[in-house]
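What follows is a set of notes on a single structure, which appears directly below.
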Amino acid sequence: MTDLWQDAMDHAVSAARGAGQVVREALLEDRMVMVKSSSVDLVTQTDQKVEQLIIQSVKEKFPTHRFIGEESVAAGEPCVLSDEPTWIIDPIDGTTNFVHRFPFVAVSIGFSVNKQRAEPAGRASGPGQQRAGPAGPGQQLSRASGPSQRAGPAAEPLLAFLQVEFGVVYSCLEDKMFTARRGRGSFCNGDPLQVSEQKAIQQSIIATEFGSDRDPEVVDKIFSSLRNILCIPVHGIRSAGTAAINMCLVASGCVEAYYEIGMHVWDLAAASLIVSEAGGVLMDVEGGPFDLMSRRVIAANNRTIAERISGEIQAYAPARDDAAAPGADP
Ligand SMILES: O=P(O)(O)O[C@H]1[C@H](O)[C@@H](O)[C@H](O)[C@@H](O)[C@@H]1O
Ligand SMILES: [Mg+2]
Ligand SMILES: [Mg+2]
């Protein structure tokens, strides 16, 4: 069967690598910092330049494709997922890190198509669902099709309707290229990724972020959730400063879970597929299905840990990414 989207994915990898080079060079220069929604929601000319470089390069090759780009949306472009091939771009995930030279910065490119025909992730059936390799028995795994082989029992449906066809996250300063193609596994620099097999949350590391909302009521909820989770107790809490890298750490098995409320579709799109294709689960913070536009996520190595975290989170609901879009999903 013709592989419709491999060309696009190859382009995404090359665009992310090129963007990473621009980011690394910019780190050596003075950075002019601007603000967006608040004084702690930062943006630089490099964010804007990198997004335009990626969009222009895609337009030249795929002139009919659509875009959701963090800085384009900030400039007033719509944030809409449809049946059309759509590139979902975060030119610098970890802008605050970039500004401070804290050494975790990623370029994130997700690609969504055929939104209406998206199937529940994990609804694989028939032979070919068992992945060989490091996953132990009972490891919950995501969609299976094509060449990848899944371990453990037949995959249960994941708590997500994934709409992403491929995802690319380039951790520029580590020179790590994380990639995933729907149904074909996740990789870092070409090596397959697998989530942690840990089943006990008490022996887990959990990643989260504090975001850029400084409303004291929101901050209280963030700290209440953090306190609940820390006191389970867990081995530790970590923050890389970028949602995409936190999620790639889940996919790599370095941390068992990541949760956050307040990030955006461009932070999550690519990495959500990288997590699920590494065998992880995605869930809303209140335990329902993951929704790319909801600005809420738990990404975990298995459902037990995801559900335990959801039971400890003080949830709230920021305005959806598609809230202002005409015809947006309710
Ligand atoms: O650096 P950004 O692309 O603005 O992304 C941020 C995100 O906005 C924030 O909510 C998260 O806490 C950070 O981890 C992201 O990387
Ligand atoms: Mg981001
Ligand atoms: Mg960004």
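Residue numbers start at 1 in each chain; chains themselves are named A, B, ... in the order of the structure tokens; ligands are numbered from 1 in the order shown.
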Test item: residues at most 8 Å from Asp93 of chain A, only C-alpha atoms, excluding those fewer than 3 positions along its chain, as a PyMOL selection string: chain A and resi 90+105-108+242-244+267
12 Å shell around ligand 2 using only C-alpha atoms and all ligand atoms, listed as a PyMOL selection string: chain A and resi 41-43+47+51+69-71+88-98+104-109+169+209+211-212+240-247+262-271+295
Closest of A:Ile206, A:Ala74, A:Val23, A:Val50 to Pro103 of chain A - atom-to-atom distances counting only C-alpha atoms: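 Closest to Pro103 of chain A, using only C-alpha atoms: A:Val23.
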Close residues, segment 184-190 of chain A itself excluded, 6 Å, only C-alpha atoms, min 4 positions apart in chain, as a list in words: Ser148, Lys176, Met177, Phe178, Thr179, Ala180, Ile274, Glu277 and Ala278 of chain A
Would you output that residue set with N, CA and C atoms, as a CSV table (one decimal), in the first residue's frame?
chain,number,residue,atom,x,y,z
A,148,SER,N,5.2,-3.4,13.5
A,148,SER,CA,5.6,-3.5,14.9
A,148,SER,C,4.8,-4.6,15.6
A,176,LYS,N,18.7,14.8,20.4
A,176,LYS,CA,17.8,13.6,20.4
A,176,LYS,C,16.6,13.8,19.5
A,177,MET,N,16.5,13.0,18.5
A,177,MET,CA,15.3,13.1,17.6
A,177,MET,C,14.3,12.0,17.9
A,178,PHE,N,13.2,12.4,18.6
A,178,PHE,CA,12.2,11.5,18.9
A,178,PHE,C,11.1,11.5,17.8
A,179,THR,N,10.8,10.3,17.3
A,179,THR,CA,9.8,10.2,16.2
A,179,THR,C,8.8,9.1,16.5
A,180,ALA,N,7.6,9.2,16.0
A,180,ALA,CA,6.6,8.2,16.1
A,180,ALA,C,5.7,8.3,14.9
A,274,ILE,N,4.1,9.9,20.4
A,274,ILE,CA,5.4,9.3,20.8
A,274,ILE,C,5.2,8.4,22.1
A,277,GLU,N,2.8,5.4,21.2
A,277,GLU,CA,3.4,4.3,20.4
A,277,GLU,C,4.6,3.7,21.1
A,278,ALA,N,5.0,4.2,22.2
A,278,ALA,CA,6.0,3.6,23.1
A,278,ALA,C,5.3,2.7,24.1
Surrounding residues of segment 226-230 of chain A excluding itself and chain neighbours under 4 positions, 7 Å, only C-alpha atoms, as number ranges by chain: A: 222, 234, 309, 312
Atom 1 (O, counted along the ligand's line) of ligand 1 to atom CA of Arg31 of chain A, straight-line distance in Å: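 Taking atom CA of Arg31 of chain A as the start and atom 1 (O, counted along the ligand's line) of ligand 1 as the end point, the length is 14.6 Å.
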Counting only C-alpha atoms and all ligand atoms, the option among A:Glu29, A:Asp83, A:Asp7, A:Asp213 closest to ligand 1: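 Among the listed residues, A:Asp213 lies closest to ligand 1.
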Among listed residues A:Phe290, A:Phe210, A:Tyr258, A:Phe223, nearest ligand 1 (using only C-alpha atoms and all ligand atoms): A:Phe210
Segment 133-325 of chain A: residues DSSP assigns to strand (DSSP E), reported as a VMD selection string: chain A and resid 164 to 171 176 to 181 186 to 188 191 to 192 205 to 208 236 to 238 257 to 261 281 to 283 296 to 300
Selected residue of minimal separation from ligand 1 among A:Cys231, A:Gln314, A:Ser171, A:Lys59, counting only C-alpha atoms and all ligand atoms: A:Ser171
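Here atom CA of Gln203 of chain A stands at a distance of 16.8 Å from atom CA of Ala299 of chain A.
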Spatial neighbours of Gln45 of chain A, max dist 9 Å, only C-alpha atoms, sep filter under 3 positions, as number ranges by chain: A: 31-34, 48-50
Residue list (helix (DSSP H, G or I), DSSP) for segment 65-307 of chain A, as a ChimeraX atom specification: /A:70-74,95-100,115-117,201-203,216-230,243-252,265-277,303-307
Write a file of the just-selected residues containing C-alpha atoms, as a compact mmCIF listing (two decimals), in the first residue's frame.
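Here's the written file part-v9.txt:
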# COMPACT_ATOMS: atom_id res chain seq x y z
CA GLU A 70 1.97 28.42 18.45
CA GLU A 71 3.22 31.80 17.29
CA SER A 72 0.79 32.02 14.36
CA VAL A 73 -2.12 31.40 16.75
CA ALA A 74 -0.68 34.06 19.06
CA THR A 95 10.95 29.13 25.60
CA THR A 96 11.59 30.02 29.25
CA ASN A 97 14.42 27.48 29.26
CA PHE A 98 15.71 28.97 26.01
CA VAL A 99 15.66 32.49 27.47
CA HIS A 100 17.57 31.34 30.56
CA LYS A 115 -9.90 13.86 12.20
CA GLN A 116 -13.38 12.44 11.67
CA ARG A 117 -12.08 8.99 10.87
CA ILE A 201 3.40 4.52 41.82
CA GLN A 202 5.37 4.51 45.08
CA GLN A 203 8.41 3.54 43.03
CA PRO A 216 -3.38 32.34 43.11
CA GLU A 217 -6.40 29.98 42.94
CA VAL A 218 -4.79 28.07 40.09
CA VAL A 219 -1.42 28.03 41.85
CA ASP A 220 -3.13 26.64 44.98
CA LYS A 221 -4.60 23.81 42.92
CA ILE A 222 -1.24 23.10 41.30
CA PHE A 223 0.42 22.86 44.72
CA SER A 224 -2.41 20.82 46.19
CA SER A 225 -2.08 18.27 43.37
CA LEU A 226 1.68 18.25 43.75
CA ARG A 227 1.42 17.73 47.50
CA ASN A 228 -1.05 14.86 47.08
CA ILE A 229 1.15 13.11 44.56
CA LEU A 230 4.42 13.72 46.42
CA ALA A 243 5.98 19.47 27.94
CA ALA A 244 7.26 17.66 24.85
CA ILE A 245 10.49 16.54 26.50
CA ASN A 246 8.64 15.49 29.67
CA MET A 247 6.45 13.28 27.50
CA CYS A 248 9.44 11.89 25.63
CA LEU A 249 10.91 11.00 29.04
CA VAL A 250 7.73 8.98 29.69
CA ALA A 251 8.11 7.30 26.30
CA SER A 252 11.76 6.56 27.10
CA VAL A 265 -2.18 21.37 21.47
CA TRP A 266 1.21 22.31 19.98
CA ASP A 267 2.95 21.19 23.19
CA LEU A 268 1.16 17.83 23.11
CA ALA A 269 0.40 16.74 19.56
CA ALA A 270 3.69 15.15 18.52
CA ALA A 271 4.64 13.83 21.95
CA SER A 272 1.22 12.27 22.58
CA LEU A 273 1.81 9.88 19.70
CA ILE A 274 5.39 9.25 20.85
CA VAL A 275 4.04 8.21 24.27
CA SER A 276 1.25 6.02 22.96
CA GLU A 277 3.45 4.34 20.36
CA ARG A 303 -3.42 2.92 33.15
CA THR A 304 -3.05 2.09 36.84
CA ILE A 305 -0.53 4.86 37.39
CA ALA A 306 -2.49 7.28 35.20
CA GLU A 307 -5.69 6.64 37.17
Given only C-alpha atoms as the counted atoms, nearest of A:Val255, A:Ala75, A:Ala15, A:Ala315 to Gly287 of chain A: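 Counting only C-alpha atoms, the residue closest to Gly287 of chain A is A:Ala315.
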Interatomic distance, atom 1 (Mg, counted along the ligand's line) of ligand 3 to atom CA of Ser37 of chain A (Å, one decimal):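 That distance, rounded to one decimal, is 13.0 Å.
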Counting only C-alpha atoms, the residue of A:Asp191, A:Asp322, A:Glu174, A:Glu77 that sits nearest Ser294 of chain A: A:Asp322
